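Content type compact mmCIF, N, CA and C atoms, from the file data.txt:
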```txt
# COMPACT_ATOMS: atom_id res chain seq x y z
N ARG A 1 18.42 8.00 -21.71
CA ARG A 1 18.90 6.71 -22.14
C ARG A 1 19.86 6.15 -21.11
N LEU A 2 19.91 4.85 -21.09
CA LEU A 2 20.78 4.15 -20.16
C LEU A 2 21.67 3.20 -20.95
N ALA A 3 22.94 3.36 -20.77
CA ALA A 3 23.90 2.46 -21.43
C ALA A 3 24.45 1.50 -20.39
N VAL A 4 24.27 0.22 -20.61
CA VAL A 4 24.74 -0.80 -19.68
C VAL A 4 26.03 -1.38 -20.23
N SER A 5 27.10 -1.23 -19.47
CA SER A 5 28.40 -1.71 -19.93
C SER A 5 28.68 -3.13 -19.47
N GLN A 6 27.92 -3.59 -18.46
CA GLN A 6 28.07 -4.96 -17.97
C GLN A 6 26.69 -5.56 -17.81
N PRO A 7 26.60 -6.87 -17.89
CA PRO A 7 25.29 -7.50 -17.68
C PRO A 7 24.79 -7.24 -16.26
N LEU A 8 23.47 -7.11 -16.14
CA LEU A 8 22.88 -6.90 -14.82
C LEU A 8 22.98 -8.19 -14.01
N PRO A 9 23.12 -8.08 -12.70
CA PRO A 9 23.22 -9.27 -11.86
C PRO A 9 21.94 -10.12 -11.96
N GLU A 10 22.10 -11.41 -11.91
CA GLU A 10 20.95 -12.32 -11.98
C GLU A 10 20.02 -12.13 -10.80
N GLU A 11 20.54 -11.64 -9.68
CA GLU A 11 19.75 -11.46 -8.47
C GLU A 11 18.87 -10.21 -8.51
N LEU A 12 19.07 -9.35 -9.50
CA LEU A 12 18.38 -8.07 -9.53
C LEU A 12 16.86 -8.19 -9.42
N PRO A 13 16.20 -9.09 -10.16
CA PRO A 13 14.74 -9.19 -10.00
C PRO A 13 14.32 -9.55 -8.58
N PHE A 14 15.10 -10.36 -7.89
CA PHE A 14 14.77 -10.73 -6.52
C PHE A 14 14.95 -9.55 -5.57
N ILE A 15 15.98 -8.76 -5.81
CA ILE A 15 16.23 -7.57 -4.98
C ILE A 15 15.12 -6.55 -5.19
N VAL A 16 14.73 -6.32 -6.43
CA VAL A 16 13.66 -5.36 -6.73
C VAL A 16 12.34 -5.87 -6.15
N GLY A 17 12.05 -7.15 -6.31
CA GLY A 17 10.82 -7.72 -5.75
C GLY A 17 10.77 -7.60 -4.24
N ASP A 18 11.89 -7.86 -3.60
CA ASP A 18 11.96 -7.74 -2.14
C ASP A 18 11.75 -6.30 -1.70
N ALA A 19 12.34 -5.36 -2.43
CA ALA A 19 12.18 -3.95 -2.09
C ALA A 19 10.72 -3.52 -2.23
N ILE A 20 10.06 -3.95 -3.30
CA ILE A 20 8.65 -3.61 -3.50
C ILE A 20 7.79 -4.21 -2.40
N HIS A 21 8.06 -5.46 -2.06
CA HIS A 21 7.31 -6.12 -0.98
C HIS A 21 7.50 -5.37 0.33
N ASN A 22 8.73 -4.97 0.63
CA ASN A 22 9.01 -4.25 1.88
C ASN A 22 8.31 -2.89 1.91
N LEU A 23 8.27 -2.20 0.77
CA LEU A 23 7.57 -0.92 0.72
C LEU A 23 6.08 -1.11 0.94
N ARG A 24 5.51 -2.13 0.33
CA ARG A 24 4.08 -2.40 0.52
C ARG A 24 3.77 -2.74 1.97
N ALA A 25 4.63 -3.56 2.58
CA ALA A 25 4.43 -3.92 3.99
C ALA A 25 4.52 -2.67 4.88
N ALA A 26 5.45 -1.77 4.57
CA ALA A 26 5.57 -0.54 5.35
C ALA A 26 4.31 0.31 5.23
N LEU A 27 3.72 0.38 4.04
CA LEU A 27 2.48 1.13 3.86
C LEU A 27 1.33 0.49 4.63
N ASP A 28 1.28 -0.85 4.66
CA ASP A 28 0.25 -1.53 5.44
C ASP A 28 0.41 -1.25 6.93
N HIS A 29 1.65 -1.23 7.42
CA HIS A 29 1.90 -0.91 8.83
C HIS A 29 1.49 0.53 9.13
N LEU A 30 1.78 1.44 8.22
CA LEU A 30 1.37 2.83 8.39
C LEU A 30 -0.15 2.94 8.48
N ALA A 31 -0.86 2.24 7.59
CA ALA A 31 -2.32 2.26 7.61
C ALA A 31 -2.84 1.76 8.95
N CYS A 32 -2.28 0.67 9.45
CA CYS A 32 -2.72 0.13 10.74
C CYS A 32 -2.44 1.11 11.87
N ASP A 33 -1.27 1.73 11.86
CA ASP A 33 -0.92 2.69 12.90
C ASP A 33 -1.86 3.89 12.89
N LEU A 34 -2.22 4.38 11.71
CA LEU A 34 -3.14 5.51 11.62
C LEU A 34 -4.52 5.16 12.16
N VAL A 35 -4.98 3.94 11.88
CA VAL A 35 -6.27 3.50 12.39
C VAL A 35 -6.22 3.37 13.92
N GLU A 36 -5.15 2.78 14.44
CA GLU A 36 -5.02 2.63 15.89
C GLU A 36 -4.92 3.98 16.59
N LEU A 37 -4.24 4.95 15.96
CA LEU A 37 -4.16 6.30 16.53
C LEU A 37 -5.54 6.95 16.61
N ASN A 38 -6.44 6.51 15.77
CA ASN A 38 -7.81 7.03 15.78
C ASN A 38 -8.69 6.23 16.75
N GLY A 39 -8.08 5.32 17.49
CA GLY A 39 -8.79 4.57 18.51
C GLY A 39 -9.65 3.43 17.99
N LYS A 40 -9.37 2.95 16.80
CA LYS A 40 -10.17 1.87 16.22
C LYS A 40 -9.32 0.64 15.96
N SER A 41 -9.98 -0.48 15.72
CA SER A 41 -9.30 -1.75 15.48
C SER A 41 -8.59 -1.74 14.13
N SER A 42 -7.37 -2.23 14.12
CA SER A 42 -6.61 -2.31 12.87
C SER A 42 -6.75 -3.69 12.20
N SER A 43 -7.68 -4.48 12.70
CA SER A 43 -7.92 -5.79 12.10
C SER A 43 -8.40 -5.63 10.66
N ASP A 44 -7.79 -6.35 9.75
CA ASP A 44 -8.13 -6.32 8.32
C ASP A 44 -8.00 -4.93 7.71
N VAL A 45 -7.00 -4.18 8.14
CA VAL A 45 -6.72 -2.86 7.56
C VAL A 45 -5.49 -2.98 6.68
N TYR A 46 -5.59 -2.43 5.48
CA TYR A 46 -4.48 -2.45 4.53
C TYR A 46 -4.41 -1.11 3.83
N PHE A 47 -3.24 -0.76 3.34
CA PHE A 47 -3.09 0.47 2.58
C PHE A 47 -3.84 0.31 1.26
N PRO A 48 -4.71 1.26 0.92
CA PRO A 48 -5.50 1.11 -0.31
C PRO A 48 -4.69 1.38 -1.56
N VAL A 49 -4.91 0.55 -2.55
CA VAL A 49 -4.27 0.71 -3.85
C VAL A 49 -5.36 0.57 -4.91
N ALA A 50 -5.34 1.44 -5.90
CA ALA A 50 -6.32 1.38 -6.99
C ALA A 50 -5.62 1.71 -8.30
N LYS A 51 -6.06 1.06 -9.36
CA LYS A 51 -5.46 1.33 -10.68
C LYS A 51 -5.97 2.62 -11.29
N LYS A 52 -7.16 3.06 -10.85
CA LYS A 52 -7.74 4.29 -11.38
C LYS A 52 -8.25 5.14 -10.22
N VAL A 53 -8.22 6.45 -10.40
CA VAL A 53 -8.64 7.38 -9.36
C VAL A 53 -10.09 7.12 -8.95
N ASP A 54 -10.94 6.81 -9.92
CA ASP A 54 -12.35 6.63 -9.59
C ASP A 54 -12.61 5.36 -8.78
N LEU A 55 -11.64 4.48 -8.67
CA LEU A 55 -11.78 3.27 -7.86
C LEU A 55 -11.16 3.42 -6.47
N LEU A 56 -10.55 4.57 -6.21
CA LEU A 56 -9.83 4.76 -4.95
C LEU A 56 -10.76 4.77 -3.74
N GLU A 57 -11.90 5.43 -3.83
CA GLU A 57 -12.81 5.46 -2.68
C GLU A 57 -13.28 4.06 -2.31
N LYS A 58 -13.53 3.22 -3.30
CA LYS A 58 -13.93 1.84 -3.02
C LYS A 58 -12.78 1.09 -2.35
N ALA A 59 -11.56 1.30 -2.82
CA ALA A 59 -10.41 0.65 -2.20
C ALA A 59 -10.22 1.11 -0.76
N ILE A 60 -10.47 2.39 -0.51
CA ILE A 60 -10.35 2.93 0.85
C ILE A 60 -11.34 2.24 1.77
N ARG A 61 -12.56 2.06 1.29
CA ARG A 61 -13.58 1.36 2.10
C ARG A 61 -13.23 -0.13 2.25
N ASP A 62 -12.88 -0.77 1.14
CA ASP A 62 -12.62 -2.21 1.16
C ASP A 62 -11.43 -2.58 2.03
N LYS A 63 -10.43 -1.72 2.09
CA LYS A 63 -9.22 -1.99 2.89
C LYS A 63 -9.34 -1.46 4.31
N ASN A 64 -10.52 -0.93 4.66
CA ASN A 64 -10.85 -0.48 6.02
C ASN A 64 -10.01 0.68 6.52
N ILE A 65 -9.36 1.39 5.64
CA ILE A 65 -8.56 2.54 6.07
C ILE A 65 -9.47 3.70 6.48
N VAL A 66 -10.77 3.61 6.16
CA VAL A 66 -11.70 4.66 6.58
C VAL A 66 -11.72 4.79 8.10
N ARG A 67 -11.31 3.75 8.80
CA ARG A 67 -11.26 3.81 10.27
C ARG A 67 -10.23 4.82 10.77
N ALA A 68 -9.34 5.26 9.90
CA ALA A 68 -8.31 6.23 10.31
C ALA A 68 -8.86 7.65 10.35
N SER A 69 -10.05 7.84 9.81
CA SER A 69 -10.64 9.17 9.72
C SER A 69 -11.82 9.31 10.67
N SER A 70 -11.99 10.50 11.20
CA SER A 70 -13.16 10.76 12.01
C SER A 70 -14.31 11.26 11.12
N LEU A 71 -14.04 11.47 9.84
CA LEU A 71 -15.07 11.88 8.90
C LEU A 71 -15.91 10.68 8.52
N ASN A 72 -17.17 10.87 8.27
CA ASN A 72 -18.06 9.76 7.98
C ASN A 72 -18.47 9.67 6.53
N HIS A 73 -17.96 10.52 5.64
CA HIS A 73 -18.45 10.52 4.27
C HIS A 73 -18.05 9.26 3.49
N LEU A 74 -17.05 8.51 3.94
CA LEU A 74 -16.66 7.27 3.25
C LEU A 74 -17.11 6.03 4.01
N ASN A 75 -17.62 6.19 5.21
CA ASN A 75 -18.01 5.03 6.02
C ASN A 75 -19.27 4.39 5.46
```
Written as structure tokens, that's how I'd like the structure from this file.
Amino acid sequence: RLAVSQPLPEELPFIVGDAIHNLRAALDHLACDLVELNGKSSSDVYFPVAKKVDLLEKAIRDKNIVRASSLNHLN
């Protein structure tokens, strides 16, 4: 349980939103760097996100992160 003794700052949603956006951008940069380290183009590469595990392979293909792997089973 959390007991709040003072009202939360009005800016809190903006701070949390900015933090989430920055984390997502960092993951996208990581995905691009991994693809480039594999010697491939990072154009249109994004960190894959899926709501369910069974949709993850599709997200990996759709976001072009498969270029980071030398394995061909997802290509």
Quick one: pull the distance between atom N of Asn38 in chain A and atom C of Ala25 in chain A, Å, one decimal. 18.0 Å
Can you tell me which residues surround Ser42 in chain A at a distance of at most 6.5 Å, considering only N, CA and C atoms, apart from same-chain residues fewer than 4 positions away, and format the answer as a ChimeraX atom specification? /A:32,35-36
Write the residues of the preceding selection, restricted to N, CA and C atoms, as a short mmCIF file (atom, residue, chain, number, x, y, z; two decimals), keeping the file's coordinate frame.
```cif
data_model
loop_
_atom_site.label_atom_id
_atom_site.label_comp_id
_atom_site.auth_asym_id
_atom_site.auth_seq_id
_atom_site.Cartn_x
_atom_site.Cartn_y
_atom_site.Cartn_z
N CYS A 32 -2.28 0.67 9.45
CA CYS A 32 -2.72 0.13 10.74
C CYS A 32 -2.44 1.11 11.87
N VAL A 35 -4.98 3.94 11.88
CA VAL A 35 -6.27 3.50 12.39
C VAL A 35 -6.22 3.37 13.92
N GLU A 36 -5.15 2.78 14.44
CA GLU A 36 -5.02 2.63 15.89
C GLU A 36 -4.92 3.98 16.59
#
```
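In this structure, CA of Glu57 in chain A sits 17.2 Å away from CA of Leu27 in chain A.
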Which polymer residues have any atom within 12 Å of an atom of Val66 in chain A, counting only C-alpha atoms, with same-chain residues fewer than 3 positions away left out, as a count of residues only? 29
One decimal, Å: what's the distance from CA of Leu37 in chain A over to CA of Ala68 in chain A, could you say? 7.5 Å
For range 25-43 of chain A, take all atoms listed in the file, fit an axis-aligned box around them, add 5 Å to each of the six sides, then output centre and edge lengths in Å rounded to one decimal, as AutoDock Vina command-line options.
```
--center_x -2.3 --center_y 0.6 --center_z 10.5 --size_x 25.7 --size_y 22.8 --size_z 25.9
```
Taking the backbone alone, and naming residues the way the document does, which bits of range 4-71 of chain A are alpha helix (DSSP H) by DSSP, as JSON, numbers by chain? {"A": [12, 13, 14, 15, 16, 17, 18, 19, 20, 21, 22, 23, 24, 25, 26, 27, 28, 29, 30, 31, 32, 33, 34, 35, 36, 37, 56, 57, 58, 59, 60, 61, 62]}
